[in-house]
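Step one of this worksheet: look at the structure below.
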Amino acid sequence: MPEAAARSVISRRTALRAMCSAALVVVAGCRPSGHSADPTGDGTSSGVGTAAANGRGPSASEVTAHRIGEDEKALIAAYDDAMAANPELAALLGPLRADHVKHLLALVPGAPTSGAPTSSTPSLKPSVPPAPPSSASTSTALASPSASPVLDRLGSLEHDAAAARVDDVMSSSGSLARLVASIGGCEAAHAALLQGAAR
Amino acid sequence: MSGTTSSAAPDELIAALLAVAGAENAAIYGYSVAGAHLDAHDRAVARGHYDTHRAQLQAVSGWLSDRGATPSPPPAVYALPKRVTDAASASALLVQLEETTAARYADLVAVADGSLRRAAALALQGAAVRQERWSGHCVPFPGLTGRLPS
């Protein structure tokens, strides 16, 4: 009994610490919505930078947030590639790209979002090959024949990203887990929207 | 430090589960109201979403009873967050109900662990996909709208 209680206290303290670290990241990206309590809150201060400035190493939450941030950068790059090759898709894809920029900034406040990433190939899952050009050429109701495989490919990336976020949720805690779960929800919705557009 | 250790007092977890059950009950009621205002195609889609919410409520009830708690019975009368008079207002209601559902699952993710946390994250994704179905667009942070930059 005392042993269980002690374990519970420790795990709660550990969890609290994790939640505080995550809260740093999340709160730094927070912007009042419909409230004017913090008119200067522009979401640009960096929770991760604060940790570094305090002289301690990155927490597990910060490491997780940065790793997911890299996935978000890869997705942003995939959208950039798709829109460069198919400018007519900008109206459809632009808002989805913008969501990933918001994800990145919520995870890693102040992260550069317009610079070229290290690789233009998303590194989400090596098992997902690019969609072959012929794979979706028969379904072109909304998209042009050349656009449909692009939408399929992005939809597949979003689908895999959403699945990866579920795993990421399992290695996060507290408010970071909540944020990551929400990002996964957005990516699942992106996948559904792209599937619908590709048909 | 493991992110998968227990991260909430039992009371917090029960409260989060009860809140999810409340959201599922509200969604079930809302879909039954909205369905009558939708065209045949959308009504069929809504029927599928209604069934999903019923199944989710069953799952949540199971999670609660596993922990020695029982879900509160659904209220006899719901105050819908939006007035439903036509297809547009019906869709708007469903968008709002799915956002609320996503929000309660997001809160559950924050306090649950293990398979329950995974199930909550997947349920949030389902709500986000349904929300997109009724609004026609995506929100960057489903379940956290108004709580984060959007």
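So you can find residues: chains in the structure tokens are A, B, ... in the order shown, residues in each start at 1, and ligands are numbered from 1 in order.
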### Query
chain B residues within 6 Å of chain A, counting only C-alpha atoms: which ones, as an MDAnalysis selection string?
chainID B and resid 3 7 106 109:110 121 124:125 128:129 140:142 146 148:149
### Residues within 10 Å of Pro75 of chain B, only C-alpha atoms, excluding chain neighbours under 5 positions, as a list in words
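In the requested form, the answer reads Gly22, Asn25 and Ala26 of chain B.
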Mind writing the picked residues with N, CA and C atoms as a PDB file, in the first residue's frame?
ATOM      1  N   GLY B  22     -20.956  12.410 -22.222  1.00  0.00           N
ATOM      2  CA  GLY B  22     -21.905  13.504 -22.415  1.00  0.00           C
ATOM      3  C   GLY B  22     -21.879  14.025 -23.837  1.00  0.00           C
ATOM      4  N   ASN B  25     -23.520  11.479 -26.127  1.00  0.00           N
ATOM      5  CA  ASN B  25     -24.981  11.553 -25.991  1.00  0.00           C
ATOM      6  C   ASN B  25     -25.542  12.758 -26.736  1.00  0.00           C
ATOM      7  N   ALA B  26     -24.875  13.893 -26.597  1.00  0.00           N
ATOM      8  CA  ALA B  26     -25.335  15.113 -27.273  1.00  0.00           C
ATOM      9  C   ALA B  26     -25.260  14.935 -28.789  1.00  0.00           C
TER      10      ALA B  26
END
### Task
In Å, rounded to a single decimal, give me how far atom CA of Gly126 of chain B is from atom CA of Ala23 of chain B.
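Distance between the two atoms: 13.8 Å.
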### Query
Between atom CA of Pro71 of chain B and atom CA of Arg118 of chain B, what is the spacing in Å?
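Computing it gives 20.7 Å between the two atoms.
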### Task
Find, counting only C-alpha atoms, the residue in A:Ala91, A:Asn86, A:Leu104, A:Ser148 that gets nearest to Ala74 of chain A.
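Nearest to Ala74 of chain A: A:Leu104.
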